[in-house]
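Shown below: structure-v2.tsv, with TSV, C-alpha atoms and all ligand atoms.
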```tsv
chain	number	residue	atom	x	y	z
A	5	MET	CA	-6.79	-10.70	15.68
A	6	ASN	CA	-6.53	-12.29	19.13
A	7	ASP	CA	-5.42	-15.62	17.83
A	8	PRO	CA	-3.53	-15.06	14.61
A	9	ALA	CA	-2.25	-18.63	14.61
A	10	ALA	CA	-5.80	-19.83	14.02
A	11	ARG	CA	-5.93	-17.85	10.81
A	12	ILE	CA	-2.52	-18.63	9.39
A	13	PRO	CA	-2.90	-20.15	5.96
A	14	LEU	CA	-1.99	-23.80	5.90
A	15	THR	CA	-0.53	-23.90	2.42
A	16	GLY	CA	0.98	-21.38	0.06
A	17	GLY	CA	-0.45	-17.97	-0.56
A	18	ARG	CA	0.82	-14.56	0.36
A	19	ILE	CA	-0.55	-11.50	2.07
A	20	GLU	CA	0.04	-7.96	0.93
A	21	LEU	CA	-0.64	-4.97	3.17
A	22	HIS	CA	0.86	-2.14	1.12
A	23	THR	CA	-0.19	-1.83	-2.50
A	24	HIS	CA	-1.80	1.15	-4.24
A	25	LEU	CA	-4.74	0.68	-6.58
A	26	GLU	CA	-3.62	3.57	-8.80
A	27	GLY	CA	-0.12	2.07	-9.05
A	28	SER	CA	-1.51	-1.20	-10.42
A	29	ILE	CA	-2.95	0.15	-13.66
A	30	THR	CA	-1.95	-2.04	-16.59
A	31	PRO	CA	-0.73	-0.58	-19.89
A	32	ALA	CA	-3.83	-2.05	-21.58
A	33	ARG	CA	-6.15	-0.36	-19.08
A	34	LEU	CA	-4.33	2.96	-19.48
A	35	ILE	CA	-4.88	2.76	-23.22
A	36	ALA	CA	-8.57	1.86	-22.73
A	37	LEU	CA	-9.15	4.69	-20.25
A	38	GLY	CA	-7.26	7.14	-22.46
A	39	ASP	CA	-9.60	6.24	-25.33
A	40	ARG	CA	-12.69	6.34	-23.12
A	41	HIS	CA	-11.95	9.81	-21.83
A	42	GLY	CA	-10.68	11.31	-25.06
A	43	ARG	CA	-7.00	11.24	-24.16
A	44	PRO	CA	-5.48	8.79	-26.67
A	45	ASP	CA	-2.26	10.82	-26.47
A	46	LEU	CA	-1.83	9.90	-22.81
A	47	PRO	CA	-0.54	6.33	-23.23
A	48	ALA	CA	2.18	7.55	-25.58
A	49	ALA	CA	3.30	9.97	-22.89
A	50	CYS	CA	3.39	7.26	-20.22
A	51	LEU	CA	4.38	3.98	-21.87
A	52	ASP	CA	7.62	2.86	-23.43
A	53	PRO	CA	7.64	2.26	-27.19
A	54	SER	CA	6.62	-1.37	-26.71
A	55	GLY	CA	3.53	-0.20	-24.83
A	56	GLN	CA	4.34	-2.62	-21.99
A	57	ALA	CA	6.13	-0.66	-19.28
A	58	PHE	CA	6.03	2.73	-17.55
A	59	PRO	CA	9.44	4.37	-17.73
A	60	PHE	CA	10.24	7.30	-15.44
A	61	ASP	CA	13.27	9.02	-14.04
A	62	GLY	CA	13.71	9.37	-10.27
A	63	PHE	CA	11.14	10.31	-7.66
A	64	HIS	CA	10.04	13.51	-9.42
A	65	GLY	CA	9.55	11.57	-12.65
A	66	PHE	CA	7.47	9.03	-10.77
A	67	LEU	CA	5.19	11.74	-9.34
A	68	GLU	CA	4.69	13.17	-12.84
A	69	LEU	CA	3.83	9.71	-14.17
A	70	TYR	CA	1.46	9.11	-11.27
A	71	LYS	CA	-0.32	12.40	-11.95
A	72	ARG	CA	-0.72	11.57	-15.62
A	73	VAL	CA	-2.05	8.05	-15.23
A	74	THR	CA	-4.48	9.01	-12.47
A	75	SER	CA	-5.86	11.79	-14.70
A	76	VAL	CA	-7.83	9.20	-16.71
A	77	MET	CA	-9.24	7.42	-13.63
A	78	ARG	CA	-12.55	9.25	-13.52
A	79	THR	CA	-15.71	7.19	-13.15
A	80	PRO	CA	-16.79	4.45	-10.75
A	81	ARG	CA	-16.68	2.12	-13.75
A	82	ASP	CA	-13.00	2.99	-14.29
A	83	PHE	CA	-12.19	2.12	-10.67
A	84	HIS	CA	-14.23	-1.07	-10.83
A	85	GLU	CA	-12.14	-2.18	-13.80
A	86	LEU	CA	-8.89	-1.17	-12.11
A	87	ALA	CA	-9.82	-3.23	-9.05
A	88	LEU	CA	-10.62	-6.31	-11.13
A	89	ASP	CA	-7.32	-5.91	-12.99
A	90	LEU	CA	-5.51	-5.77	-9.66
A	91	ALA	CA	-7.41	-8.85	-8.45
A	92	ALA	CA	-6.15	-10.75	-11.49
A	93	GLN	CA	-2.58	-9.60	-10.75
A	94	LEU	CA	-2.89	-10.65	-7.11
A	95	HIS	CA	-4.22	-14.05	-8.09
A	96	ALA	CA	-1.41	-14.59	-10.60
A	97	ASP	CA	1.02	-13.52	-7.87
A	98	ASP	CA	-0.37	-16.05	-5.36
A	99	VAL	CA	-1.71	-13.29	-3.08
A	100	PHE	CA	-4.98	-14.28	-1.43
A	101	TYR	CA	-5.47	-11.30	0.92
A	102	ALA	CA	-4.57	-7.70	0.15
A	103	GLU	CA	-5.23	-4.34	1.76
A	104	VAL	CA	-5.26	-1.87	-1.08
A	105	SER	CA	-4.67	1.87	-0.69
A	106	VAL	CA	-6.91	4.26	-2.62
A	107	SER	CA	-6.12	7.94	-2.53
A	108	TYR	CA	-9.33	9.67	-1.52
A	109	GLY	CA	-7.19	12.79	-1.12
A	110	VAL	CA	-6.37	12.76	-4.83
A	111	LEU	CA	-9.99	11.92	-5.79
A	112	LEU	CA	-11.34	14.90	-3.87
A	113	LYS	CA	-8.63	17.19	-5.21
A	114	ARG	CA	-9.74	16.20	-8.70
A	115	GLY	CA	-13.38	16.94	-7.89
A	116	LEU	CA	-14.43	13.28	-7.75
A	117	ASP	CA	-16.75	11.89	-5.08
A	118	PRO	CA	-15.13	8.92	-3.30
A	119	GLY	CA	-18.60	7.59	-2.35
A	120	PRO	CA	-19.62	6.03	-5.69
A	121	VAL	CA	-15.99	5.03	-6.32
A	122	GLN	CA	-15.87	3.06	-3.06
A	123	ALA	CA	-19.22	1.42	-3.86
A	124	ALA	CA	-17.72	0.26	-7.17
A	125	LEU	CA	-14.59	-1.02	-5.39
A	126	SER	CA	-16.70	-2.91	-2.91
A	127	GLU	CA	-18.60	-4.59	-5.74
A	128	ALA	CA	-15.33	-5.42	-7.48
A	129	ALA	CA	-14.04	-7.01	-4.26
A	130	ASP	CA	-17.07	-9.31	-4.19
A	131	GLU	CA	-16.35	-10.33	-7.77
A	132	ALA	CA	-12.63	-10.80	-7.02
A	133	LEU	CA	-13.44	-13.21	-4.21
A	134	GLU	CA	-15.88	-15.10	-6.40
A	135	THR	CA	-13.65	-15.25	-9.47
A	136	HIS	CA	-10.13	-15.44	-8.06
A	137	GLY	CA	-10.50	-16.35	-4.38
A	138	VAL	CA	-8.75	-13.07	-3.57
A	139	THR	CA	-9.94	-11.07	-0.56
A	140	MET	CA	-9.49	-7.33	-1.12
A	141	ARG	CA	-9.90	-4.76	1.62
A	142	TRP	CA	-9.51	-1.01	1.25
A	143	LEU	CA	-7.33	1.62	2.89
A	144	PRO	CA	-8.39	5.09	1.76
A	145	ASP	CA	-5.76	7.70	2.41
A	146	ALA	CA	-5.26	11.43	2.64
A	147	VAL	CA	-2.39	13.44	1.21
A	148	ARG	CA	-0.16	15.28	3.69
A	149	GLN	CA	0.50	18.39	1.61
A	150	PHE	CA	-3.22	18.93	0.87
A	151	GLY	CA	-3.67	19.86	4.53
A	152	LEU	CA	-5.85	18.90	7.47
A	153	ASP	CA	-9.21	20.17	6.14
A	154	ALA	CA	-8.85	18.12	2.96
A	155	ALA	CA	-7.82	15.10	5.04
A	156	TRP	CA	-10.96	15.45	7.16
A	157	ARG	CA	-13.11	15.41	4.02
A	158	ALA	CA	-11.34	12.25	2.87
A	159	TRP	CA	-11.82	10.62	6.27
A	160	GLU	CA	-15.53	11.55	6.38
A	161	CYS	CA	-16.03	9.72	3.07
A	162	ALA	CA	-14.07	6.71	4.35
A	163	GLU	CA	-16.07	6.61	7.56
A	164	ARG	CA	-19.36	6.74	5.64
A	165	ALA	CA	-18.29	3.76	3.50
A	166	GLY	CA	-16.97	1.89	6.54
A	167	ARG	CA	-16.40	-1.82	6.96
A	168	ALA	CA	-19.68	-2.49	5.15
A	169	GLN	CA	-17.87	-1.49	1.96
A	170	GLY	CA	-14.59	-3.15	2.87
A	171	VAL	CA	-12.86	-0.08	4.33
A	172	VAL	CA	-10.68	-1.40	7.17
A	173	GLY	CA	-8.33	1.49	7.87
A	174	PHE	CA	-7.23	4.97	6.92
A	175	GLY	CA	-3.81	6.17	5.87
A	176	LEU	CA	-1.66	9.17	5.15
A	177	GLY	CA	0.75	9.59	2.26
A	178	GLY	CA	2.54	12.37	0.43
A	179	ASP	CA	5.24	14.84	1.33
A	180	GLU	CA	6.62	14.27	4.83
A	181	VAL	CA	8.40	17.62	4.79
A	182	THR	CA	5.46	19.92	4.09
A	183	GLY	CA	2.82	17.82	5.86
A	184	PRO	CA	4.08	16.62	9.24
A	185	ALA	CA	2.01	13.77	10.68
A	186	ALA	CA	1.44	15.54	14.01
A	187	THR	CA	-0.85	18.00	12.16
A	188	PHE	CA	-3.23	15.10	11.55
A	189	ALA	CA	-3.31	13.79	15.12
A	190	PRO	CA	-6.97	14.73	15.83
A	191	LEU	CA	-8.10	13.09	12.61
A	192	PHE	CA	-6.38	9.82	13.45
A	193	GLY	CA	-7.94	9.98	16.90
A	194	ALA	CA	-11.28	9.87	15.08
A	195	VAL	CA	-10.10	6.97	12.90
A	196	ARG	CA	-9.12	4.94	15.96
A	197	ALA	CA	-12.37	5.85	17.73
A	198	ALA	CA	-14.27	4.51	14.71
A	199	GLY	CA	-12.48	1.18	15.13
A	200	LEU	CA	-10.45	1.37	11.92
A	201	GLY	CA	-6.72	0.76	11.53
A	202	VAL	CA	-4.08	3.47	11.18
A	203	SER	CA	-1.27	2.96	8.66
A	204	ILE	CA	0.93	5.92	7.78
A	205	HIS	CA	3.67	6.33	5.18
A	206	ALA	CA	6.60	7.63	7.22
A	207	GLY	CA	10.38	7.58	7.18
A	208	GLU	CA	10.46	6.81	3.46
A	209	VAL	CA	12.87	9.58	2.53
A	210	THR	CA	16.03	8.81	4.46
A	211	ALA	CA	17.72	11.89	2.99
A	212	MET	CA	15.63	13.88	5.49
A	213	GLY	CA	17.95	12.56	8.22
A	214	GLU	CA	16.74	13.12	11.77
A	215	ALA	CA	13.54	14.73	10.42
A	216	ALA	CA	12.64	11.38	8.85
A	217	ARG	CA	13.01	9.65	12.23
A	218	ASP	CA	10.92	12.41	13.79
A	219	SER	CA	8.33	11.79	11.09
A	220	ILE	CA	8.13	8.16	12.26
A	221	ARG	CA	7.78	9.23	15.89
A	222	GLN	CA	4.95	11.63	14.98
A	223	ALA	CA	3.13	8.88	13.08
A	224	VAL	CA	3.36	6.50	16.03
A	225	ASP	CA	3.17	8.83	19.04
A	226	ASP	CA	0.82	11.55	17.77
A	227	CYS	CA	-1.34	9.62	15.33
A	228	GLY	CA	-1.33	6.16	16.93
A	229	ALA	CA	-0.12	4.41	13.77
A	230	VAL	CA	0.13	0.68	14.35
A	231	ARG	CA	1.60	0.25	10.89
A	232	LEU	CA	4.17	2.30	9.02
A	233	GLY	CA	4.61	2.42	5.26
A	234	HIS	CA	8.35	2.03	4.49
A	235	GLY	CA	9.76	3.29	7.81
A	236	LEU	CA	13.26	3.12	6.31
A	237	ALA	CA	14.68	5.93	8.43
A	238	ALA	CA	14.22	3.90	11.62
A	239	ALA	CA	16.96	1.54	10.50
A	240	GLY	CA	19.68	4.06	11.33
A	241	ASP	CA	18.54	4.45	14.93
A	242	PRO	CA	18.83	1.34	17.15
A	243	SER	CA	16.79	2.94	19.94
A	244	LEU	CA	13.93	3.75	17.57
A	245	LEU	CA	14.04	0.21	16.18
A	246	SER	CA	13.88	-1.22	19.71
A	247	GLU	CA	10.96	1.04	20.49
A	248	LEU	CA	9.05	-0.06	17.38
A	249	ALA	CA	9.76	-3.70	18.26
A	250	ALA	CA	8.70	-3.24	21.90
A	251	ARG	CA	5.46	-1.54	20.88
A	252	GLY	CA	4.78	-4.05	18.10
A	253	VAL	CA	4.57	-1.36	15.42
A	254	PHE	CA	4.45	-3.18	12.10
A	255	VAL	CA	6.50	-1.93	9.16
A	256	GLU	CA	5.30	-2.45	5.59
A	257	LEU	CA	8.61	-2.73	3.72
A	258	CYS	CA	8.71	-2.20	-0.05
A	259	PRO	CA	12.37	-2.80	-0.96
A	260	ARG	CA	12.26	-2.73	-4.75
A	261	SER	CA	9.90	0.25	-4.73
A	262	ASN	CA	12.53	2.14	-2.72
A	263	VAL	CA	15.09	1.37	-5.41
A	264	ALA	CA	12.65	2.30	-8.19
A	265	THR	CA	11.97	5.73	-6.68
A	266	GLY	CA	15.63	6.34	-5.89
A	267	ALA	CA	15.04	6.35	-2.11
A	268	LEU	CA	17.76	3.68	-2.01
A	269	PRO	CA	20.60	3.30	-4.51
A	270	THR	CA	20.50	-0.51	-4.65
A	271	LEU	CA	18.50	-3.41	-3.27
A	272	ALA	CA	21.58	-4.54	-1.37
A	273	SER	CA	21.47	-1.27	0.58
A	274	HIS	CA	17.94	-1.97	1.89
A	275	PRO	CA	18.01	-2.21	5.71
A	276	LEU	CA	15.73	-5.28	5.89
A	277	ARG	CA	18.24	-7.05	8.16
A	278	ALA	CA	18.20	-4.20	10.68
A	279	PHE	CA	14.41	-4.56	11.05
A	280	LEU	CA	14.55	-8.35	11.30
A	281	ASP	CA	17.47	-8.37	13.73
A	282	ALA	CA	15.76	-5.80	15.97
A	283	GLY	CA	12.60	-7.93	16.03
A	284	VAL	CA	10.40	-5.32	14.34
A	285	PRO	CA	7.36	-7.06	12.84
A	286	CYS	CA	7.35	-6.49	9.10
A	287	CYS	CA	6.53	-7.97	5.70
A	288	LEU	CA	7.39	-7.26	2.08
A	289	ASN	CA	5.12	-5.44	-0.36
A	290	THR	CA	5.12	-4.14	-3.92
A	291	ASP	CA	3.81	-0.58	-3.29
A	292	ASP	CA	3.06	0.21	-6.97
A	293	ARG	CA	2.90	-2.98	-8.97
A	294	THR	CA	2.71	-2.02	-12.61
A	295	LEU	CA	4.21	1.45	-12.41
A	296	PHE	CA	7.37	-0.17	-11.03
A	297	GLY	CA	6.94	-3.51	-12.82
A	298	LEU	CA	6.93	-5.47	-9.54
A	299	ASP	CA	5.22	-8.50	-8.09
A	300	LEU	CA	5.28	-9.91	-4.56
A	301	ARG	CA	6.71	-13.27	-5.58
A	302	GLY	CA	9.71	-11.40	-7.02
A	303	GLU	CA	9.93	-9.22	-3.91
A	304	TYR	CA	10.49	-12.25	-1.67
A	305	ALA	CA	12.76	-13.94	-4.20
A	306	ALA	CA	14.95	-10.83	-4.42
A	307	ALA	CA	15.08	-10.54	-0.62
A	308	ARG	CA	16.15	-14.18	-0.36
A	309	ALA	CA	18.84	-13.72	-3.01
A	310	VAL	CA	20.19	-10.29	-2.08
A	311	LEU	CA	19.24	-9.67	1.56
A	312	ASN	CA	19.63	-13.23	2.91
A	313	LEU	CA	16.00	-13.56	3.93
A	314	SER	CA	15.70	-17.08	5.34
A	315	PRO	CA	12.68	-19.37	4.98
A	316	ALA	CA	12.08	-19.14	8.73
A	317	GLU	CA	12.14	-15.33	8.58
A	318	GLU	CA	9.79	-15.37	5.63
A	319	SER	CA	7.41	-17.57	7.55
A	320	ARG	CA	7.57	-15.22	10.56
A	321	MET	CA	6.81	-12.32	8.23
A	322	ARG	CA	3.70	-14.04	7.01
A	323	GLN	CA	2.57	-14.71	10.56
A	324	ALA	CA	3.23	-11.08	11.52
A	325	ALA	CA	1.33	-9.84	8.47
A	326	VAL	CA	-1.71	-11.92	9.43
A	327	ALA	CA	-1.60	-10.42	12.92
A	328	ALA	CA	-1.16	-6.88	11.57
A	329	ALA	CA	-3.98	-7.08	9.02
A	330	PHE	CA	-6.90	-4.77	9.75
A	331	ASP	CA	-9.42	-7.51	8.99
A	332	ALA	CA	-9.56	-11.25	9.60
A	333	VAL	CA	-7.38	-13.00	7.04
A	334	PRO	CA	-9.05	-16.11	5.63
A	335	ARG	CA	-7.08	-19.27	5.11
A	336	ALA	CA	-5.26	-19.35	1.78
A	337	GLY	CA	-7.62	-20.29	-1.01
A	338	GLY	CA	-10.53	-20.43	1.42
A	339	GLY	CA	-12.68	-18.20	-0.75
A	340	GLY	CA	-11.97	-19.70	-4.14
A	341	SER	CA	-9.25	-21.00	-6.37
A	342	ALA	CA	-6.13	-19.25	-5.07
A	343	GLY	CA	-3.29	-21.48	-3.99
A	344	PRO	CA	0.41	-21.99	-4.29
A	345	GLY	CA	1.66	-21.07	-7.74
B	1	ZN	ZN	3.02	3.40	-0.68
```

Could you write out this structure as structure tokens?
Amino acid sequence: MNDPAARIPLTGGRIELHTHLEGSITPARLIALGDRHGRPDLPAACLDPSGQAFPFDGFHGFLELYKRVTSVMRTPRDFHELALDLAAQLHADDVFYAEVSVSYGVLLKRGLDPGPVQAALSEAADEALETHGVTMRWLPDAVRQFGLDAAWRAWECAERAGRAQGVVGFGLGGDEVTGPAATFAPLFGAVRAAGLGVSIHAGEVTAMGEAARDSIRQAVDDCGAVRLGHGLAAAGDPSLLSELAARGVFVELCPRSNVATGALPTLASHPLRAFLDAGVPCCLNTDDRTLFGLDLRGEYAAARAVLNLSPAEESRMRQAAVAAAFDAVPRAGGGGSAGPG
């Protein structure tokens, strides 16, 4: 990471730092897993009548959908298949390096052992590189509202898997109101001591007002986050933006996800320009690809069309994303057949 310029891809290809494995399940895979685990009724409850999309209403509706679809993700084989499906999506989307979040917090809550799951993901990553030229790295995360003890159990599993199984960082997601980041400060001290990256979802719910900005400060000051998921709330506070820029805290923006969940009313209201103008390093991401029906190509196209993202800014984003990655980013297509699409 000392010389990001040396690793900047020469041609084409995108990098994604914020995408959730569970949010990339395809309708076909949901149907297959529903059949495998004796829940053929599940797809009907989650898919639209065409069987192609996941409709939901607002943030609460999204959480319900998320709970349902993850209920049929049970065995290491299931996760292996999900990872290969995501690799195919990344390849089709011209993404050659992705850091993929996996909710160990949810796995443990459901009584599943993240150990064999991570082994299956690691194997799938090897296949993805071989087949698609896509490098996948893993960001296990804990869930705020499940509490500190549960988060420690998730982290212990992540630490055991380590970089040998492609785990490059550890994250925190969930309800910012009931699970303030400062509670998890000792845990993230351990993550940093183990040499892994810290990326925390914070400042996603702007309706929290000043509490959302405080949530960002806790993530950065108390937990040592060098990357923030969303970080939207910072946009309303020029001094916080300057501080993030000065400290080089990277923000993983997911504009169309914010519209999908209702965090923002329209794409035009996304504060991308505030981050760019303040010099905060950032890039665009899908967050939950299939659940929201998003791809990264479309994310950048929409930002160009609606938020006036310039080619030079897009290029700076790519450079910043390479520097912010928790592992060395190979040159585009270096591992296989990926390239400009
Ligand atoms: Zn996310």

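Minimum atom-to-atom distances from A:Val209, A:Ala185, A:Leu25, A:Ala272 to Met77 in chain A were compared using all atoms listed in the file, and the lowest value belongs to A:Leu25.
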
Could you check how far CA of Gly151 in chain A sits from CA of Gly183 in chain A, in Å to one decimal?
-> 6.9 Å

For Thr265 in chain A: contacts at 9 Å, all atoms listed in the file, fewer than 3 positions along chain excluded, given as a PyMOL selection string = chain A and resi 61-66+260-262+268+296

Using only C-alpha atoms and all ligand atoms, what table do you get, as CSV, when you list each residue of chain A with an atom no more than 9 Å from ligand ZN 1 (chain B), its nearest pair of atoms, and their distance in Å rounded to one decimal, rows by chain then rising number?
```
residue,atom,partner,partner_atom,distance
A:His22,CA,B:ZN1,ZN,6.2
A:Thr23,CA,B:ZN1,ZN,6.4
A:His24,CA,B:ZN1,ZN,6.4
A:Ser105,CA,B:ZN1,ZN,7.8
A:Gly177,CA,B:ZN1,ZN,7.2
A:His205,CA,B:ZN1,ZN,6.6
A:Gly233,CA,B:ZN1,ZN,6.2
A:His234,CA,B:ZN1,ZN,7.6
A:Glu256,CA,B:ZN1,ZN,8.9
A:Cys258,CA,B:ZN1,ZN,8.0
A:Ser261,CA,B:ZN1,ZN,8.6
A:Thr290,CA,B:ZN1,ZN,8.5
A:Asp291,CA,B:ZN1,ZN,4.8
A:Asp292,CA,B:ZN1,ZN,7.1
```

A straight line from CA of Gly199 in chain A to CA of Ala328 in chain A spans 14.3 Å

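One finds CA of Asn312 in chain A at 19.9 Å from CA of Gly235 in chain A.
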
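Restricting the calculation to all atoms listed in the file, the smallest distance between Val99 in chain A and any of A:Pro269, A:Pro80, A:Pro334, A:Pro144 is found for A:Pro334.
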
For a quick check of your reading of the model, name the residues lying within 8 Å of the coordinate (1.2, 8.4, -18.6), counting only C-alpha atoms, and write them as a PDB file with C-alpha atoms, in the coordinates of the input.
```
ATOM      1  CA  LEU A  34      -4.330   2.960 -19.480  1.00  0.00           C
ATOM      2  CA  LEU A  46      -1.830   9.900 -22.810  1.00  0.00           C
ATOM      3  CA  PRO A  47      -0.540   6.330 -23.230  1.00  0.00           C
ATOM      4  CA  ALA A  48       2.180   7.550 -25.580  1.00  0.00           C
ATOM      5  CA  ALA A  49       3.300   9.970 -22.890  1.00  0.00           C
ATOM      6  CA  CYS A  50       3.390   7.260 -20.220  1.00  0.00           C
ATOM      7  CA  LEU A  51       4.380   3.980 -21.870  1.00  0.00           C
ATOM      8  CA  PHE A  58       6.030   2.730 -17.550  1.00  0.00           C
ATOM      9  CA  LEU A  69       3.830   9.710 -14.170  1.00  0.00           C
ATOM     10  CA  TYR A  70       1.460   9.110 -11.270  1.00  0.00           C
ATOM     11  CA  LYS A  71      -0.320  12.400 -11.950  1.00  0.00           C
ATOM     12  CA  ARG A  72      -0.720  11.570 -15.620  1.00  0.00           C
ATOM     13  CA  VAL A  73      -2.050   8.050 -15.230  1.00  0.00           C
TER      14      VAL A  73
END
```

Please identify all polymer residues lying at most 7 Å from the point (1.3, -16.0, 1.7) (file coordinates), using only C-alpha atoms, and present the result as JSON, numbers by chain.
-> {"A": [16, 17, 18, 19, 99, 322]}

Residues from the last selection, C-alpha atoms, saved as a short mmCIF file (atom, residue, chain, number, x, y, z; two decimals), keeping the file's coordinate frame:
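The resulting file, out.cif, is reproduced below:
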```
data_model
loop_
_atom_site.label_atom_id
_atom_site.label_comp_id
_atom_site.auth_asym_id
_atom_site.auth_seq_id
_atom_site.Cartn_x
_atom_site.Cartn_y
_atom_site.Cartn_z
CA GLY A 16 0.98 -21.38 0.06
CA GLY A 17 -0.45 -17.97 -0.56
CA ARG A 18 0.82 -14.56 0.36
CA ILE A 19 -0.55 -11.50 2.07
CA VAL A 99 -1.71 -13.29 -3.08
CA ARG A 322 3.70 -14.04 7.01
#
```

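Closest to Ile204 in chain A among A:Ala129, A:Leu143, A:Leu116, A:Val181 is A:Leu143, based on all atoms listed in the file.
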
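Close contacts of Ala91 in chain A, defined as residues with an atom at most 8 Å away when counting only C-alpha atoms, with chain neighbours fewer than 6 positions off set aside, comprise A:Ala132, A:His136, A:Val138, A:Met140.
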
Find the axis-aligned box for range 197-215 of chain A, covering all its listed atoms and adding 4 Å on each side, and write its centre and edge lengths in Å to one decimal as lines of an AutoDock Vina configuration file.
```
center_x = 1.8
center_y = 7.7
center_z = 10.1
size_x = 40.2
size_y = 22.0
size_z = 23.2
```

Tell me, as number ranges by chain, which residues lie within 9 Å of Leu248 in chain A, counting only C-alpha atoms; anything in the same chain fewer than 2 positions away does not count.
-> A: 224, 238, 243-246, 250-255, 282-285

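Minimum atom-to-atom distances from A:Arg114, A:Pro184, A:Glu317, A:Ala87 to Ser28 in chain A were compared using all atoms listed in the file, and the lowest value belongs to A:Ala87.
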
Pick the closest to Tyr304 in chain A from A:Asp97, A:Ala128, A:Thr187, A:Phe330: which is it, counting only C-alpha atoms?
-> A:Asp97

Give me, as a tab-separated table, the closest atom pair and its distance (Å, one decimal) for every residue of range 117-149 of chain A within a cut-off of 12 Å of range 188-198 of chain A, counting only C-alpha atoms, rows sorted by chain and rising number.
```
residue	atom	partner	partner_atom	distance
A:Leu143	CA	A:Val195	CA	11.7
A:Pro144	CA	A:Val195	CA	11.4
A:Asp145	CA	A:Phe192	CA	11.3
A:Ala146	CA	A:Phe188	CA	9.8
A:Val147	CA	A:Phe188	CA	10.5
A:Arg148	CA	A:Phe188	CA	8.4
A:Gln149	CA	A:Phe188	CA	11.1
```

Can range 296-311 of chain A be brought up to N, CA and C atoms and written out as a tab-separated table (two decimals), in the coordinates of the input?
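As written to disk, result-v2.tsv reads:
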```tsv
chain	number	residue	atom	x	y	z
A	296	PHE	N	5.99	0.23	-11.26
A	296	PHE	CA	7.37	-0.17	-11.03
A	296	PHE	C	7.71	-1.51	-11.69
A	297	GLY	N	6.69	-2.20	-12.22
A	297	GLY	CA	6.94	-3.51	-12.82
A	297	GLY	C	7.30	-4.56	-11.79
A	298	LEU	N	6.58	-4.58	-10.66
A	298	LEU	CA	6.93	-5.47	-9.54
A	298	LEU	C	5.82	-6.46	-9.23
A	299	ASP	N	6.21	-7.61	-8.68
A	299	ASP	CA	5.22	-8.50	-8.09
A	299	ASP	C	5.76	-8.98	-6.74
A	300	LEU	N	4.88	-9.57	-5.92
A	300	LEU	CA	5.28	-9.91	-4.56
A	300	LEU	C	6.17	-11.15	-4.54
A	301	ARG	N	5.87	-12.07	-5.45
A	301	ARG	CA	6.71	-13.27	-5.58
A	301	ARG	C	8.17	-12.86	-5.80
A	302	GLY	N	8.36	-11.89	-6.71
A	302	GLY	CA	9.71	-11.40	-7.02
A	302	GLY	C	10.32	-10.65	-5.85
A	303	GLU	N	9.45	-9.98	-5.07
A	303	GLU	CA	9.93	-9.22	-3.91
A	303	GLU	C	10.60	-10.18	-2.91
A	304	TYR	N	9.92	-11.28	-2.62
A	304	TYR	CA	10.49	-12.25	-1.67
A	304	TYR	C	11.70	-12.96	-2.27
A	305	ALA	N	11.63	-13.26	-3.56
A	305	ALA	CA	12.76	-13.94	-4.20
A	305	ALA	C	14.00	-13.04	-4.16
A	306	ALA	N	13.82	-11.76	-4.43
A	306	ALA	CA	14.95	-10.83	-4.42
A	306	ALA	C	15.51	-10.69	-3.01
A	307	ALA	N	14.62	-10.67	-2.01
A	307	ALA	CA	15.08	-10.54	-0.62
A	307	ALA	C	15.85	-11.79	-0.19
A	308	ARG	N	15.41	-12.94	-0.69
A	308	ARG	CA	16.15	-14.18	-0.36
A	308	ARG	C	17.54	-14.13	-0.99
A	309	ALA	N	17.57	-13.68	-2.26
A	309	ALA	CA	18.84	-13.72	-3.01
A	309	ALA	C	19.80	-12.63	-2.57
A	310	VAL	N	19.29	-11.43	-2.31
A	310	VAL	CA	20.19	-10.29	-2.08
A	310	VAL	C	20.31	-9.92	-0.61
A	311	LEU	N	19.24	-10.14	0.17
A	311	LEU	CA	19.24	-9.67	1.56
A	311	LEU	C	19.25	-10.83	2.56
```
